[in-house]
Every structure is written in C-alpha cells, then in structure tokens.
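**Student:** One structure, pasted below without further comment.
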Amino acid sequence: MTDEQYIDIAIEISKNAKYPYGAIVVKDNEIIGRSDDKTLMETSMYSHAELEAIESASKNKNLYGDLKGATMYVSCEPCMMCMGAILYEEFSKVVYAATLQDSNDNYCSEIITNIDELAQYSKNKIEIVRELHRDKAIQVLRERGK
C-alpha cells in the first residue's frame, strides 16, 4: 500500500473516533496497530490516537519496545506528548494529514510545537511527511467541531 492509502485509513478512523483523530502503525507493510482497536487507554485524558495505536501494536503483536523502523500514520500532526512516544519507540517515519494549527482552528485548542525541533531528539533520523490529504482531515475536524 502507499502512504496515501494508509493515511486515508487513519482519516477514516478519525471519522468514528471519540475525538476526531485516527492513527495506524505500519511495520513491514502490515498494519500492526490502530487507534480504534479498543485499548485500556480509551477513557484516559492521554487517549491520543498515536498512543492508542502504539498500545494496540504493542498489545496485539507483543512488540513492546520493538516498534523500531515502523511508520505512524495519523490524521493530525502529533502533539509534543505523542511525538515523544514516537521518538521513544524509534519509529522511522511519521505521515500526518492536518496540522496542529488546523486542529486549533477547527476543533480544539492545541499547543503548537515545531515537529522538526522535536524530531532532533530521535536516536535515528526520522522522515516526516506533512499534510498528506490534509483537506480530508480538516473536513473531519470541521464536522466534529460544530
């Protein structure tokens, strides 16, 4: 599958999520974690899509601490907390649709961070693909923000 197909899955998840954000973890061309795979975190204030997808991958594939080289696809740019988890798990790539500013403008207040500055703390170089199918993700934020 392509980045475009994977990001569309994350955006589709966001349409039915408690909060309008969706994420998947892909490793070796296989989806191994999804934010809509009901995890123990679902009632926590830390129930961000990225963390739920990481938890899902870790639980379902017994990969705790072994997500090195995986890709995170997320309907909105990761916040500081989620980016920290992505870096900790040594993902090699992050693909996101809407920006934190888009979320701020259309759904809820966000702390705007510089993802490139955060990525500097990665043990390995991390590729960041920005704003892929951004309009689709913004539409979800707008619909849910009403």
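Residues in the structure tokens are numbered from 1 in each chain, the chains being A, B, ... in the order shown, and ligands are numbered from 1 in the order shown.
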Neighbouring residues of Pro20 of chain A were defined as those with any atom within 10 Å, considering only C-alpha atoms; residues of the same chain fewer than 5 positions away were excluded. Please report them as number ranges by chain.
**Tutor:** A: 11-15, 49, 75-76, 103, 107, 137-138, 140-145
**Student:** Keeping only all heavy atoms, write the selected residues as a compact mmCIF listing (two decimals), in the first residue's frame.
**Tutor:**
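That gives us part-v3.txt:
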# COMPACT_ATOMS: atom_id res chain seq x y z
N ILE A 11 -7.49 8.64 8.50
CA ILE A 11 -8.55 9.65 8.42
C ILE A 11 -9.92 8.99 8.58
O ILE A 11 -10.80 9.51 9.28
CB ILE A 11 -8.45 10.45 7.11
CG1 ILE A 11 -7.16 11.29 7.11
CG2 ILE A 11 -9.68 11.34 6.91
CD1 ILE A 11 -6.81 11.90 5.75
N GLU A 12 -10.11 7.84 7.99
CA GLU A 12 -11.37 7.11 8.13
C GLU A 12 -11.63 6.76 9.60
O GLU A 12 -12.75 6.89 10.09
CB GLU A 12 -11.36 5.85 7.25
CG GLU A 12 -12.70 5.21 7.09
CD GLU A 12 -13.74 6.09 6.39
OE1 GLU A 12 -13.40 6.90 5.51
OE2 GLU A 12 -14.93 5.95 6.75
N ILE A 13 -10.60 6.32 10.29
CA ILE A 13 -10.73 6.02 11.73
C ILE A 13 -11.17 7.26 12.49
O ILE A 13 -12.00 7.19 13.40
CB ILE A 13 -9.40 5.46 12.29
CG1 ILE A 13 -9.15 4.05 11.73
CG2 ILE A 13 -9.40 5.45 13.82
CD1 ILE A 13 -7.75 3.51 12.02
N SER A 14 -10.62 8.42 12.11
CA SER A 14 -10.93 9.67 12.82
C SER A 14 -12.41 10.03 12.73
O SER A 14 -12.95 10.69 13.61
CB SER A 14 -10.07 10.82 12.29
OG SER A 14 -10.52 11.27 11.01
N LYS A 15 -13.08 9.58 11.69
CA LYS A 15 -14.49 9.91 11.50
C LYS A 15 -15.39 9.29 12.57
O LYS A 15 -16.44 9.84 12.88
CB LYS A 15 -14.96 9.45 10.12
CG LYS A 15 -14.34 10.22 8.98
CD LYS A 15 -14.79 9.66 7.64
CE LYS A 15 -14.15 10.41 6.49
NZ LYS A 15 -14.56 9.82 5.19
N ALA A 49 -4.72 9.46 19.63
CA ALA A 49 -4.74 8.40 18.61
C ALA A 49 -3.38 7.72 18.47
O ALA A 49 -3.31 6.50 18.36
CB ALA A 49 -5.18 9.00 17.27
N SER A 75 -4.05 11.22 11.43
CA SER A 75 -4.90 12.20 10.75
C SER A 75 -4.54 13.64 11.10
O SER A 75 -4.92 14.56 10.37
CB SER A 75 -6.37 11.94 11.06
OG SER A 75 -6.63 12.14 12.43
N CYS A 76 -3.81 13.83 12.18
CA CYS A 76 -3.38 15.18 12.57
C CYS A 76 -1.96 15.12 13.09
O CYS A 76 -1.55 14.14 13.72
CB CYS A 76 -4.32 15.75 13.64
SG CYS A 76 -4.01 17.48 14.04
N SER A 103 -6.14 21.79 13.71
CA SER A 103 -6.92 21.31 14.85
C SER A 103 -7.34 22.47 15.74
O SER A 103 -8.48 22.57 16.17
CB SER A 103 -6.12 20.28 15.65
OG SER A 103 -6.86 19.81 16.74
N TYR A 107 -11.22 22.54 15.75
CA TYR A 107 -11.78 21.61 16.73
C TYR A 107 -11.48 22.02 18.16
O TYR A 107 -12.38 22.31 18.92
CB TYR A 107 -11.29 20.18 16.45
CG TYR A 107 -11.92 19.18 17.38
CD1 TYR A 107 -13.27 18.84 17.24
CD2 TYR A 107 -11.19 18.61 18.40
CE1 TYR A 107 -13.87 17.95 18.12
CE2 TYR A 107 -11.79 17.71 19.27
CZ TYR A 107 -13.12 17.38 19.13
OH TYR A 107 -13.71 16.51 20.00
N ALA A 137 -8.73 15.54 6.19
CA ALA A 137 -8.65 15.54 7.65
C ALA A 137 -9.26 16.81 8.24
O ALA A 137 -9.93 16.76 9.28
CB ALA A 137 -7.21 15.38 8.10
N ILE A 138 -9.04 17.94 7.59
CA ILE A 138 -9.63 19.20 8.07
C ILE A 138 -11.16 19.10 8.03
O ILE A 138 -11.83 19.57 8.94
CB ILE A 138 -9.13 20.40 7.24
CG1 ILE A 138 -7.65 20.67 7.53
CG2 ILE A 138 -9.97 21.65 7.53
CD1 ILE A 138 -7.03 21.73 6.64
N VAL A 140 -13.01 16.53 8.55
CA VAL A 140 -13.45 15.78 9.72
C VAL A 140 -13.41 16.67 10.95
O VAL A 140 -14.36 16.68 11.76
CB VAL A 140 -12.60 14.51 9.93
CG1 VAL A 140 -12.99 13.78 11.22
CG2 VAL A 140 -12.72 13.58 8.74
N LEU A 141 -12.34 17.42 11.11
CA LEU A 141 -12.23 18.32 12.27
C LEU A 141 -13.36 19.35 12.26
O LEU A 141 -13.97 19.63 13.30
CB LEU A 141 -10.88 19.05 12.26
CG LEU A 141 -9.64 18.18 12.51
CD1 LEU A 141 -8.37 18.97 12.23
CD2 LEU A 141 -9.65 17.63 13.92
N ARG A 142 -13.66 19.90 11.10
CA ARG A 142 -14.73 20.90 10.98
C ARG A 142 -16.09 20.30 11.34
O ARG A 142 -16.87 20.90 12.06
CB ARG A 142 -14.78 21.46 9.56
CG ARG A 142 -13.73 22.47 9.27
CD ARG A 142 -13.94 23.11 7.92
NE ARG A 142 -12.84 24.04 7.67
CZ ARG A 142 -12.21 24.16 6.50
NH1 ARG A 142 -12.59 23.44 5.47
NH2 ARG A 142 -11.24 25.01 6.37
N GLU A 143 -16.36 19.11 10.80
CA GLU A 143 -17.65 18.46 11.05
C GLU A 143 -17.83 18.13 12.53
O GLU A 143 -18.93 18.26 13.07
CB GLU A 143 -17.78 17.20 10.20
CG GLU A 143 -17.97 17.47 8.74
CD GLU A 143 -17.89 16.24 7.87
OE1 GLU A 143 -17.71 15.12 8.40
OE2 GLU A 143 -17.99 16.40 6.63
N ARG A 144 -16.78 17.70 13.17
CA ARG A 144 -16.86 17.31 14.57
C ARG A 144 -16.76 18.51 15.52
O ARG A 144 -17.13 18.42 16.68
CB ARG A 144 -15.76 16.30 14.89
CG ARG A 144 -15.84 15.01 14.08
CD ARG A 144 -16.95 14.07 14.51
NE ARG A 144 -16.80 13.59 15.85
CZ ARG A 144 -16.01 12.58 16.22
NH1 ARG A 144 -15.31 11.94 15.32
NH2 ARG A 144 -15.93 12.24 17.47
N GLY A 145 -16.24 19.62 15.01
CA GLY A 145 -16.06 20.81 15.84
C GLY A 145 -17.32 21.64 15.98
O GLY A 145 -17.36 22.57 16.77
**Student:** Among chain A, which ones does DSSP place in helix (DSSP H, G or I), written as a VMD selection string?
**Tutor:** chain A and resid 3 to 16 40 to 43 49 to 61 80 to 88 100 to 106 115 to 119 134 to 145
**Student:** Segment 28-30 of chain A: which residues within 9 Å, counting only C-alpha atoms, same-chain residues fewer than 2 positions away excluded, as a PyMOL selection string?
**Tutor:** chain A and resi 1+25-26+32+69-70
**Student:** Taking only C-alpha atoms into account, which of A:Asp8, A:Glu131, A:Asp3, A:Glu55 comes nearest Lys93 of chain A?
**Tutor:**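 Going through A:Asp8, A:Glu131, A:Asp3, A:Glu55 one by one, the smallest distance to Lys93 of chain A is for A:Asp3.
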**Student:** Any idea what's packed within 10 Å of Lys123 of chain A, counting only C-alpha atoms, ignoring anything in its chain fewer than 5 positions away? Could you give it as a count of residues only?
**Tutor:** 6
**Student:** Could you find all residues in segment 17-146 of chain A that DSSP calls strand (DSSP E) from the backbone, and write them as a list in words?
**Tutor:** Ala23, Ile24, Val25, Val26, Lys27, Glu30, Ile31, Ile32, Gly33, Arg34, Thr71, Met72, Tyr73, Val74, Ser75, Cys76, Lys93, Val94, Val95, Tyr96, Ala97, Ala98, Glu127, Ile128 and Val129 of chain A
